[in-house]
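Here the structure is laid out as structure tokens; the discussion comes afterwards.
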Amino acid sequence: MATNLDTLIVALYVQVDDLFQLLGVRRGAGRPPRLADSELVCLAVAQVLLGCNSERRWLRFASGRLGHLFPYLPQSSAYNRRLRAAYPLLEHAIRHLAGLSPSWWDQVRLLDSTPVPCGASRETVKRSELADWANYGYCASHSRYFWGLRLHLLTTTDGVVVAWCLADAKLGDREVAQAMLSRLPLREGLLIVADKGYAGREFEDFVRELAAVLVRPDRRGERRRYGKLAWIRQHVECVNDTLKGQLGLEEHGGRTRLGVVVRVAQRLLALTAGVWHNWLIDAPTKRSLVAYDH
């Protein structure tokens, strides 16, 4: 099978269209929209993969690049409105594709958080609608402060998104992870690999109560248990790098709560769809999205 954006979009459309019919997604009263929900979700994934953060520029570009797949494209205001309303569909699609990926059945999960900046100036902070949610935080990997949120992720080793949430940047990683994991059905004996920021007896006891095992690098002064874990921590950094570098996580452009959540979900769906399709076509590198970015 060919590896390009068109084949990914077609395969994704087949999956999500069947999924939405199974879920009984209601289209509301009146005539059905000219752009179906399944087409809207595929269009949103293509936008992220092709690196178009501006919706107006994206719709102008999509008419030439993907016009053979999408005969009708809405205006930017209608696209933005429908995409925000389609947030539950994005969530359903992420979970569905994750369950179809073979790595879903692996006994290893990666747990980490990464900054999602939402403003770069003091004036933006004061005027933003996110002021009651976002906060100042510190990114240790880049040695810098930021104003915004933190994206907490639980993924497979190849990047398939198992669970995620956005939280105040000042909230502790362990506190958010505990709330996120408590809502998940975890398989017995699951290995959850995290970094040193998740160190703590209370959190380790919590994970143990879920019949899982927390694996993290040893801190200085601790007795040796797992070592530095550099070989698997590299997988975590690669997932974050794909989200930021290729899928534009930090350039999401969201200005409201729902706007930020939808744009982050858009990128997580694009990542999961790419990995799922790479499994489908037996691509050598499952996390690589290079074949879909042009």
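Letters A, B, ... go to the chains of the structure tokens in the order shown; residues in each chain start at 1; ligands are counted from 1 in the same order.
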List every residue of range 94-227 of chain A that DSSP, applied to the backbone, labels as strand (DSSP E), and write the result as an mmCIF file with C-alpha atoms, in the first residue's frame.
data_model
loop_
_atom_site.group_PDB
_atom_site.id
_atom_site.type_symbol
_atom_site.label_atom_id
_atom_site.label_comp_id
_atom_site.auth_asym_id
_atom_site.auth_seq_id
_atom_site.Cartn_x
_atom_site.Cartn_y
_atom_site.Cartn_z
ATOM 1 C CA VAL A 108 4.288 -0.709 28.768
ATOM 2 C CA ARG A 109 2.850 2.810 28.983
ATOM 3 C CA LEU A 110 4.732 6.114 28.926
ATOM 4 C CA LEU A 111 3.638 8.849 31.335
ATOM 5 C CA ASP A 112 4.828 12.433 30.950
ATOM 6 C CA SER A 113 3.773 16.065 30.754
ATOM 7 C CA THR A 114 4.803 18.885 28.434
ATOM 8 C CA PRO A 115 4.117 22.648 28.384
ATOM 9 C CA VAL A 116 1.348 24.120 26.222
ATOM 10 C CA PRO A 117 2.060 27.894 26.130
ATOM 11 C CA CYS A 118 -1.033 30.094 25.701
ATOM 12 C CA GLY A 119 0.468 33.584 25.790
ATOM 13 C CA ASN A 135 -0.876 29.745 34.976
ATOM 14 C CA TYR A 136 2.872 30.310 35.035
ATOM 15 C CA GLY A 137 4.975 27.162 34.982
ATOM 16 C CA TYR A 138 8.567 26.074 34.511
ATOM 17 C CA CYS A 139 9.872 23.849 31.737
ATOM 18 C CA ARG A 144 12.406 28.518 30.811
ATOM 19 C CA TYR A 145 9.177 29.790 32.309
ATOM 20 C CA PHE A 146 5.936 29.887 30.325
ATOM 21 C CA TRP A 147 2.326 30.947 30.787
ATOM 22 C CA GLY A 148 -0.253 28.381 29.839
ATOM 23 C CA LEU A 149 -1.149 24.791 30.617
ATOM 24 C CA ARG A 150 0.530 21.420 30.852
ATOM 25 C CA LEU A 151 -0.479 18.496 28.658
ATOM 26 C CA HIS A 152 -0.363 15.246 30.612
ATOM 27 C CA LEU A 153 -0.074 12.177 28.403
ATOM 28 C CA LEU A 154 -0.257 8.427 28.794
ATOM 29 C CA THR A 155 0.857 6.747 25.563
ATOM 30 C CA VAL A 161 -2.515 8.217 22.895
ATOM 31 C CA VAL A 162 -4.159 6.193 25.660
ATOM 32 C CA ALA A 163 -5.245 9.088 27.900
ATOM 33 C CA TRP A 164 -4.597 12.823 28.161
ATOM 34 C CA CYS A 165 -5.656 15.937 29.994
ATOM 35 C CA LEU A 166 -4.809 19.646 30.186
ATOM 36 C CA ALA A 167 -4.157 21.129 33.612
ATOM 37 C CA ASP A 168 -2.974 24.270 35.371
ATOM 38 C CA LEU A 191 4.496 -1.015 33.498
ATOM 39 C CA ILE A 192 4.083 2.768 33.652
ATOM 40 C CA VAL A 193 7.374 4.447 32.735
ATOM 41 C CA VAL A 213 4.091 -0.910 38.427
ATOM 42 C CA LEU A 214 5.689 2.546 38.288
ATOM 43 C CA VAL A 215 9.107 2.476 36.642
#
Exercise: Leu186 in chain A partners within 9 Å, only C-alpha atoms, chain neighbours under 2 positions left out, as JSON, numbers by chain: {"A": [181, 184, 188, 189, 190, 210, 211, 212]}
Could you write those residues out with C-alpha atoms, as a PDB file, in the first residue's frame?
ATOM      1  CA  LEU A 181      -5.087   7.152  36.022  1.00  0.00           C
ATOM      2  CA  LEU A 184      -8.730   4.309  33.492  1.00  0.00           C
ATOM      3  CA  GLU A 188      -2.774  -6.074  35.728  1.00  0.00           C
ATOM      4  CA  GLY A 189       1.015  -5.924  35.647  1.00  0.00           C
ATOM      5  CA  LEU A 190       1.157  -2.853  33.390  1.00  0.00           C
ATOM      6  CA  LEU A 210      -4.105  -0.257  40.476  1.00  0.00           C
ATOM      7  CA  ALA A 211      -2.163  -3.543  40.002  1.00  0.00           C
ATOM      8  CA  ALA A 212       0.401  -1.667  37.886  1.00  0.00           C
TER       9      ALA A 212
END
Using only C-alpha atoms, determine which residues lie at most 9 Å from Asp293 in chain A, disregarding the query and same-chain residues fewer than 4 positions distant; provide the list as JSON, numbers by chain. {"A": [4, 5, 46, 48, 49, 50, 51, 246, 289]}
Could you list, as an NGL selection string, every residue within 9 Å of Ala93 in chain A, counting only C-alpha atoms and ignoring same-chain residues fewer than 5 positions away? :A and (15-16 or 19-20 or 41 or 88 or 98 or 269 or 273)
Which residues are close to Pro74 in chain A, i.e. within 12 Å by only C-alpha atoms, leaving aside same-chain residues fewer than 2 positions away? Reply as a ChimeraX atom specification. /A:33-36,39-40,43,55-56,58-60,62-63,70-72,76-83
Can you pull out the residues contacting Thr272 in chain A? Cut-off 9 Å, using only C-alpha atoms, and skip same-chain residues under 6 positions away; I want them as a list in words.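 Near neighbours after the sequence-gap exclusion: Ile94, Leu97, Ala98, Ser101, Gly159, Val160, Val161 and Arg287 of chain A.
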Generate a file of the selected residues that holds C-alpha atoms, formatted as a PDB file, in the first residue's frame.
ATOM      1  CA  ILE A  94      -8.698   8.881  19.338  1.00  0.00           C
ATOM      2  CA  LEU A  97      -7.853   4.216  16.649  1.00  0.00           C
ATOM      3  CA  ALA A  98      -5.818   3.582  19.785  1.00  0.00           C
ATOM      4  CA  SER A 101      -3.305  -0.302  17.073  1.00  0.00           C
ATOM      5  CA  GLY A 159       3.044   7.284  20.536  1.00  0.00           C
ATOM      6  CA  VAL A 160      -0.559   6.037  20.455  1.00  0.00           C
ATOM      7  CA  VAL A 161      -2.515   8.217  22.895  1.00  0.00           C
ATOM      8  CA  ARG A 287       5.841   6.952  14.831  1.00  0.00           C
TER       9      ARG A 287
END
As JSON, numbers by chain, please: the residues near Gly248 in chain A (cut-off 8 Å, only C-alpha atoms, same-chain neighbours under 4 positions excluded). {"A": [48, 51, 53, 243, 244, 252, 267]}
Write the residues of the preceding selection, restricted to N, CA and C atoms, as an mmCIF file, in the first residue's frame.
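Writing the result to result09.cif gives the following:
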data_model
loop_
_atom_site.group_PDB
_atom_site.id
_atom_site.type_symbol
_atom_site.label_atom_id
_atom_site.label_comp_id
_atom_site.auth_asym_id
_atom_site.auth_seq_id
_atom_site.Cartn_x
_atom_site.Cartn_y
_atom_site.Cartn_z
ATOM 1 N N VAL A 48 -3.507 19.521 10.541
ATOM 2 C CA VAL A 48 -2.379 19.424 11.473
ATOM 3 C C VAL A 48 -1.172 18.779 10.805
ATOM 4 N N GLY A 51 0.671 21.141 8.677
ATOM 5 C CA GLY A 51 1.274 22.267 9.377
ATOM 6 C C GLY A 51 0.619 23.610 9.145
ATOM 7 N N ASN A 53 -1.568 26.214 10.767
ATOM 8 C CA ASN A 53 -2.195 26.627 12.020
ATOM 9 C C ASN A 53 -3.310 27.640 11.796
ATOM 10 N N LEU A 243 4.922 16.013 18.640
ATOM 11 C CA LEU A 243 3.789 16.899 18.908
ATOM 12 C C LEU A 243 4.169 18.365 18.744
ATOM 13 N N LYS A 244 5.350 18.721 19.194
ATOM 14 C CA LYS A 244 5.749 20.128 19.151
ATOM 15 C C LYS A 244 6.354 20.514 17.810
ATOM 16 N N HIS A 252 -0.751 26.253 18.769
ATOM 17 C CA HIS A 252 -2.142 25.820 18.607
ATOM 18 C C HIS A 252 -3.091 26.973 18.286
ATOM 19 N N ARG A 267 -4.376 17.583 17.378
ATOM 20 C CA ARG A 267 -3.005 17.131 17.215
ATOM 21 C C ARG A 267 -2.799 15.727 17.762
#
